$ cat protein06.csv   # CSV, C-alpha atoms and all ligand atoms
chain,number,residue,atom,x,y,z
A,92,MET,CA,94.9,182.5,49.8
A,93,ILE,CA,93.6,179.8,47.5
A,94,GLU,CA,90.9,177.2,48.3
A,95,ASN,CA,93.1,174.1,47.9
A,96,ILE,CA,96.4,173.0,46.4
A,97,TYR,CA,94.7,171.0,43.6
A,98,SER,CA,93.2,174.2,42.2
A,99,ILE,CA,96.7,175.8,41.7
A,100,SER,CA,97.5,175.3,38.1
A,101,PRO,CA,101.0,174.9,36.6
A,102,GLU,CA,100.3,177.9,34.4
A,103,PHE,CA,99.5,180.1,37.4
A,104,LEU,CA,102.8,179.0,39.0
A,105,LEU,CA,104.9,179.6,35.9
A,106,ASP,CA,103.2,183.0,35.4
A,107,ASN,CA,104.5,183.9,38.9
A,108,ASN,CA,108.0,182.6,38.1
A,109,ILE,CA,107.7,179.6,40.3
A,110,ASN,CA,109.4,176.4,39.3
A,111,CYS,CA,109.4,174.7,42.7
A,112,VAL,CA,106.7,174.1,45.2
A,113,LEU,CA,107.5,173.3,48.8
A,114,THR,CA,104.4,171.9,50.3
A,115,ASP,CA,103.2,171.0,53.7
A,116,LEU,CA,101.9,167.5,54.1
A,117,ASP,CA,99.0,167.2,56.6
A,118,ASN,CA,95.7,168.8,55.5
A,119,THR,CA,97.5,170.5,52.6
A,120,LEU,CA,98.5,167.5,50.4
A,121,VAL,CA,96.6,164.8,52.2
A,122,PRO,CA,94.2,164.8,55.1
A,123,TRP,CA,96.1,164.6,58.4
A,124,ASN,CA,94.5,161.3,59.4
A,125,SER,CA,94.9,159.6,56.1
A,126,LYS,CA,97.8,157.4,54.9
A,127,ALA,CA,97.1,157.5,51.2
A,128,GLY,CA,96.5,160.2,48.7
A,129,SER,CA,93.7,160.6,46.1
A,130,ASP,CA,93.2,160.7,42.4
A,131,GLU,CA,93.0,164.5,42.8
A,132,LEU,CA,96.5,164.5,44.2
A,133,ARG,CA,97.8,162.1,41.6
A,134,ASN,CA,96.4,164.3,38.8
A,135,TRP,CA,97.7,167.5,40.3
A,136,LEU,CA,101.2,166.1,40.7
A,137,ALA,CA,101.1,164.8,37.1
A,138,SER,CA,100.1,168.2,35.8
A,139,VAL,CA,102.7,170.2,37.5
A,140,LYS,CA,105.4,167.6,36.7
A,141,LYS,CA,104.5,167.9,33.1
A,142,TYR,CA,105.5,171.6,33.2
A,143,GLY,CA,108.8,170.8,34.9
A,144,ILE,CA,107.7,172.1,38.3
A,145,LYS,CA,109.4,170.4,41.3
A,146,VAL,CA,107.3,169.4,44.3
A,147,ILE,CA,109.0,168.8,47.7
A,148,VAL,CA,107.2,168.1,50.9
A,149,VAL,CA,108.4,170.2,53.9
A,150,SER,CA,106.6,168.9,56.9
A,151,ASN,CA,106.9,169.0,60.7
A,152,ASN,CA,105.9,165.4,60.8
A,153,SER,CA,108.2,162.3,61.1
A,154,HIS,CA,110.1,160.6,58.3
A,155,LYS,CA,107.8,157.5,58.8
A,156,ARG,CA,104.6,159.4,58.5
A,157,ILE,CA,105.7,161.3,55.4
A,158,GLN,CA,107.1,158.3,53.7
A,159,GLU,CA,103.9,156.4,54.2
A,160,ALA,CA,101.8,159.2,52.8
A,161,VAL,CA,103.9,160.0,49.7
A,162,ARG,CA,105.2,156.5,48.9
A,163,ASP,CA,103.1,156.2,45.8
A,164,TYR,CA,104.2,159.6,44.4
A,165,GLU,CA,107.9,159.4,44.7
A,166,LEU,CA,108.1,162.9,46.2
A,167,PRO,CA,111.3,164.1,47.9
A,168,PHE,CA,110.7,165.4,51.4
A,169,VAL,CA,112.2,167.2,54.4
A,170,PRO,CA,110.8,165.7,57.7
A,171,ARG,CA,110.8,167.5,61.1
A,172,ALA,CA,111.0,170.9,59.4
A,173,MET,CA,110.5,172.8,62.6
A,174,LYS,CA,108.0,175.3,61.1
A,175,PRO,CA,107.4,178.1,62.1
A,176,LEU,CA,111.3,178.2,62.0
A,177,SER,CA,112.7,178.3,58.5
A,178,ILE,CA,115.1,175.5,59.1
A,179,GLY,CA,113.3,173.0,56.9
A,180,ILE,CA,112.7,175.4,54.0
A,181,ARG,CA,116.4,176.5,54.1
A,182,HIS,CA,117.4,172.9,54.2
A,183,ALA,CA,115.3,172.2,51.1
A,184,ILE,CA,116.7,175.2,49.2
A,185,LYS,CA,120.3,174.1,49.9
A,186,THR,CA,119.8,170.4,49.3
A,187,PHE,CA,117.8,170.7,46.1
A,188,HIS,CA,119.7,173.8,44.8
A,189,LEU,CA,116.6,176.0,44.6
A,190,SER,CA,116.3,179.7,44.1
A,191,LYS,CA,114.2,181.5,46.7
A,192,LYS,CA,112.6,183.8,44.2
A,193,ASN,CA,111.4,180.9,42.1
A,194,THR,CA,110.0,178.9,45.1
A,195,VAL,CA,106.7,179.0,46.9
A,196,MET,CA,105.7,177.4,50.2
A,197,ILE,CA,102.1,176.1,50.2
A,198,GLY,CA,100.4,175.1,53.5
A,199,ASP,CA,97.2,175.2,55.5
A,200,GLN,CA,98.5,177.0,58.6
A,201,LEU,CA,99.3,180.7,59.0
A,202,MET,CA,101.3,180.1,62.2
A,203,THR,CA,103.6,177.5,60.7
A,204,ASP,CA,103.7,177.3,56.9
A,205,VAL,CA,103.2,181.0,56.2
A,206,VAL,CA,105.4,182.3,59.1
A,207,SER,CA,108.3,179.9,58.1
A,208,ALA,CA,108.2,181.1,54.5
A,209,ASN,CA,108.0,184.8,55.5
A,210,SER,CA,110.9,184.5,57.9
A,211,CYS,CA,113.3,183.4,55.1
A,212,GLY,CA,111.9,185.5,52.2
A,213,VAL,CA,110.0,182.8,50.3
A,214,ARG,CA,106.6,183.5,48.9
A,215,SER,CA,103.7,181.5,50.3
A,216,ILE,CA,100.2,180.4,49.5
A,217,LEU,CA,97.7,179.6,52.3
A,218,VAL,CA,95.2,176.9,51.5
A,219,LYS,CA,92.1,175.8,53.4
A,220,PRO,CA,92.7,172.6,55.4
A,221,LEU,CA,91.5,169.5,53.5
A,222,VAL,CA,89.5,168.2,56.5
A,223,ARG,CA,87.9,170.1,59.3
A,224,THR,CA,89.7,168.3,62.1
A,225,ASP,CA,93.3,168.7,63.1
A,226,ALA,CA,95.9,166.7,65.0
A,227,TRP,CA,96.1,167.6,68.7
A,228,ASN,CA,99.2,169.7,68.3
A,229,THR,CA,97.7,171.7,65.5
A,230,THR,CA,94.6,172.6,67.5
A,231,ILE,CA,96.9,174.7,69.7
A,232,ASN,CA,98.2,176.6,66.7
A,233,ARG,CA,94.7,177.1,65.4
A,234,GLY,CA,93.9,179.1,68.6
A,235,PHE,CA,96.7,181.5,67.9
A,236,GLU,CA,95.8,181.5,64.2
A,237,LYS,CA,92.3,182.7,65.1
A,238,ILE,CA,93.6,185.7,66.9
A,239,VAL,CA,96.0,186.7,64.1
A,240,TRP,CA,93.2,186.0,61.5
A,241,ASN,CA,90.9,188.5,63.3
A,242,MET,CA,93.6,191.1,63.3
A,243,LEU,CA,94.3,190.5,59.6
A,244,ILE,CA,90.6,190.8,58.6
A,245,LYS,CA,90.4,194.1,60.5
A,246,LYS,CA,93.5,195.4,58.7
A,247,TYR,CA,92.7,194.0,55.3
A,248,PRO,CA,88.9,193.9,55.0
A,249,ASP,CA,89.2,192.8,51.3
A,250,LEU,CA,90.9,189.6,52.1
A,251,HIS,CA,89.2,186.7,50.4
A,252,TRP,CA,89.8,183.2,49.2
A,253,LYS,CA,90.5,182.7,45.5
B,301,MG,MG,99.2,171.2,57.7

$ encode --input "protein06.csv" --output "structure tokens"
Amino acid sequence: MIENIYSISPEFLLDNNINCVLTDLDNTLVPWNSKAGSDELRNWLASVKKYGIKVIVVSNNSHKRIQEAVRDYELPFVPRAMKPLSIGIRHAIKTFHLSKKNTVMIGDQLMTDVVSANSCGVRSILVKPLVRTDAWNTTINRGFEKIVWNMLIKKYPDLHWK
């Protein structure tokens, strides 16, 4: 659990033997309702790239939406990833010849990003959503997330954002 993707340093990733980041798009890399990125995103991508860490977008959104959002960054992506299923992650691992143990999935939703990573044995980092609002289909997931979240907090009272 880390506040946002931009505060995850390349050193931290390498210390944890990670050389490839699979990342969700909406509210993780860019706000769900925005078409462009930011200087923060540009700088973060440049810093991880400098250390040879791959970044691949794995999103449930459409090819068109992802392409528009990442056009300026030349990021490879897997659209319609069908999270919480692990289809998109497994597709990325096969296509880009990744090793599961050196890969992490980063996303802002427990019920899709984290569950999909767990179900195929890839580590994950949960981040806070970039903006407070969500697309309509995400608000449904957030309802379930709240229930799971309350159970998690009961079970692990020390849970906190880093
Ligand atoms: Mg998201």

$ closest_atom_pairs --input "protein06.csv" --of "chain A" --to "ligand MG 301 (chain B)" --cutoff "7 Å" --atoms "only C-alpha atoms and all ligand atoms" --output "CSV"
residue,atom,partner,partner_atom,distance
A:Asp115,CA,B:MG301,MG,5.7
A:Leu116,CA,B:MG301,MG,5.8
A:Asp117,CA,B:MG301,MG,4.2
A:Asn118,CA,B:MG301,MG,4.8
A:Thr119,CA,B:MG301,MG,5.4
A:Gly198,CA,B:MG301,MG,5.9
A:Asp199,CA,B:MG301,MG,5.0
A:Gln200,CA,B:MG301,MG,5.9

$ write_last_selection --input "protein06.csv" --atoms "C-alpha atoms" --output "compact mmCIF listing (two decimals), in the frame of the given file"
# COMPACT_ATOMS: atom_id res chain seq x y z
CA ASP A 115 103.20 171.00 53.70
CA LEU A 116 101.90 167.50 54.10
CA ASP A 117 99.00 167.20 56.60
CA ASN A 118 95.70 168.80 55.50
CA THR A 119 97.50 170.50 52.60
CA GLY A 198 100.40 175.10 53.50
CA ASP A 199 97.20 175.20 55.50
CA GLN A 200 98.50 177.00 58.60

$ closest_residue --input "protein06.csv" --among "A:Ile178, A:Ile96, A:Ile216, A:Met202" --to "Ile231 of chain A" --atoms "all atoms listed in the file"
A:Met202

$ closest_residue --input "protein06.csv" --among "A:Met92, A:Val195, A:Met242, A:Leu201" --to "Thr229 of chain A" --atoms "all atoms listed in the file"
A:Leu201

$ residues_near_point --input "protein06.csv" --point "(113.5, 182.4, 58.4)" --cutoff "10 Å" --atoms "all atoms listed in the file" --output "PyMOL selection string"
chain A and resi 174-181+206-213

$ residues_near_point --input "protein06.csv" --point "(92.2, 171.3, 59.2)" --cutoff "8 Å" --atoms "all atoms listed in the file" --output "PyMOL selection string"
chain A and resi 118+122-123+199+219-225

$ write_last_selection --input "protein06.csv" --atoms "C-alpha atoms" --output "PDB file, keeping the file's coordinate frame"
ATOM      1  CA  ASN A 118      95.700 168.800  55.500  1.00  0.00           C
ATOM      2  CA  PRO A 122      94.200 164.800  55.100  1.00  0.00           C
ATOM      3  CA  TRP A 123      96.100 164.600  58.400  1.00  0.00           C
ATOM      4  CA  ASP A 199      97.200 175.200  55.500  1.00  0.00           C
ATOM      5  CA  LYS A 219      92.100 175.800  53.400  1.00  0.00           C
ATOM      6  CA  PRO A 220      92.700 172.600  55.400  1.00  0.00           C
ATOM      7  CA  LEU A 221      91.500 169.500  53.500  1.00  0.00           C
ATOM      8  CA  VAL A 222      89.500 168.200  56.500  1.00  0.00           C
ATOM      9  CA  ARG A 223      87.900 170.100  59.300  1.00  0.00           C
ATOM     10  CA  THR A 224      89.700 168.300  62.100  1.00  0.00           C
ATOM     11  CA  ASP A 225      93.300 168.700  63.100  1.00  0.00           C
TER      12      ASP A 225
END

$ closest_atom_pairs --input "protein06.csv" --of "segment 162-238 of chain A" --to "segment 133-142 of chain A" --cutoff "12 Å" --atoms "only C-alpha atoms" --output "Markdown table"
| residue | atom | partner | partner_atom | distance |
| --- | --- | --- | --- | --- |
| A:Arg162 | CA | A:Arg133 | CA | 11.8 |
| A:Asp163 | CA | A:Arg133 | CA | 9.0 |
| A:Tyr164 | CA | A:Arg133 | CA | 7.4 |
| A:Glu165 | CA | A:Leu136 | CA | 10.3 |
| A:Leu166 | CA | A:Leu136 | CA | 9.4 |

$ write_last_selection --input "protein06.csv" --atoms "C-alpha atoms" --output "mmCIF file, keeping the file's coordinate frame"
data_model
loop_
_atom_site.group_PDB
_atom_site.id
_atom_site.type_symbol
_atom_site.label_atom_id
_atom_site.label_comp_id
_atom_site.auth_asym_id
_atom_site.auth_seq_id
_atom_site.Cartn_x
_atom_site.Cartn_y
_atom_site.Cartn_z
ATOM 1 C CA ARG A 162 105.200 156.500 48.900
ATOM 2 C CA ASP A 163 103.100 156.200 45.800
ATOM 3 C CA TYR A 164 104.200 159.600 44.400
ATOM 4 C CA GLU A 165 107.900 159.400 44.700
ATOM 5 C CA LEU A 166 108.100 162.900 46.200
#

$ closest_residue --input "protein06.csv" --among "A:Asn151, A:Thr186, A:Asn193, A:Ser129" --to "Asp106 of chain A" --atoms "all atoms listed in the file"
A:Asn193

$ closest_residue --input "protein06.csv" --among "A:Ala172, A:Leu250, A:Leu243, A:Ala226" --to "Val148 of chain A" --atoms "only C-alpha atoms"
A:Ala172

$ closest_residue --input "protein06.csv" --among "A:Glu94, A:Ile238, A:Ser100, A:Thr194" --to "Ser215 of chain A" --atoms "all atoms listed in the file"
A:Thr194

$ residues_around --input "protein06.csv" --residues "Pro170 of chain A" --least-positions-apart "3" --cutoff "7 Å" --atoms "all atoms listed in the file" --output "list in words"
Val149, Ser150, Asn151, Asn152, Ser153 and His154 of chain A

$ closest_atom_pairs --input "protein06.csv" --of "segment 146-178 of chain A" --to "segment 124-127 of chain A" --cutoff "10 Å" --atoms "only C-alpha atoms" --output "JSON lines"
{"residue": "A:Arg156", "atom": "CA", "partner": "A:Lys126", "partner_atom": "CA", "distance": 7.9}
{"residue": "A:Ile157", "atom": "CA", "partner": "A:Lys126", "partner_atom": "CA", "distance": 8.8}
{"residue": "A:Gln158", "atom": "CA", "partner": "A:Lys126", "partner_atom": "CA", "distance": 9.4}
{"residue": "A:Glu159", "atom": "CA", "partner": "A:Lys126", "partner_atom": "CA", "distance": 6.2}
{"residue": "A:Ala160", "atom": "CA", "partner": "A:Lys126", "partner_atom": "CA", "distance": 4.9}
{"residue": "A:Val161", "atom": "CA", "partner": "A:Ala127", "partner_atom": "CA", "distance": 7.4}
{"residue": "A:Arg162", "atom": "CA", "partner": "A:Ala127", "partner_atom": "CA", "distance": 8.5}
{"residue": "A:Asp163", "atom": "CA", "partner": "A:Ala127", "partner_atom": "CA", "distance": 8.2}

$ write_last_selection --input "protein06.csv" --atoms "C-alpha atoms" --output "PDB file, keeping the file's coordinate frame"
ATOM      1  CA  ARG A 156     104.600 159.400  58.500  1.00  0.00           C
ATOM      2  CA  ILE A 157     105.700 161.300  55.400  1.00  0.00           C
ATOM      3  CA  GLN A 158     107.100 158.300  53.700  1.00  0.00           C
ATOM      4  CA  GLU A 159     103.900 156.400  54.200  1.00  0.00           C
ATOM      5  CA  ALA A 160     101.800 159.200  52.800  1.00  0.00           C
ATOM      6  CA  VAL A 161     103.900 160.000  49.700  1.00  0.00           C
ATOM      7  CA  ARG A 162     105.200 156.500  48.900  1.00  0.00           C
ATOM      8  CA  ASP A 163     103.100 156.200  45.800  1.00  0.00           C
TER       9      ASP A 163
END

$ atom_distance --input "protein06.csv" --atom1 "atom CA of Phe235 of chain A" --atom2 "atom CA of Thr203 of chain A"
10.7 Å

$ closest_residue --input "protein06.csv" --among "A:Ala183, A:Met173, A:Leu132, A:Val121" --to "Ile147 of chain A" --atoms "only C-alpha atoms"
A:Ala183
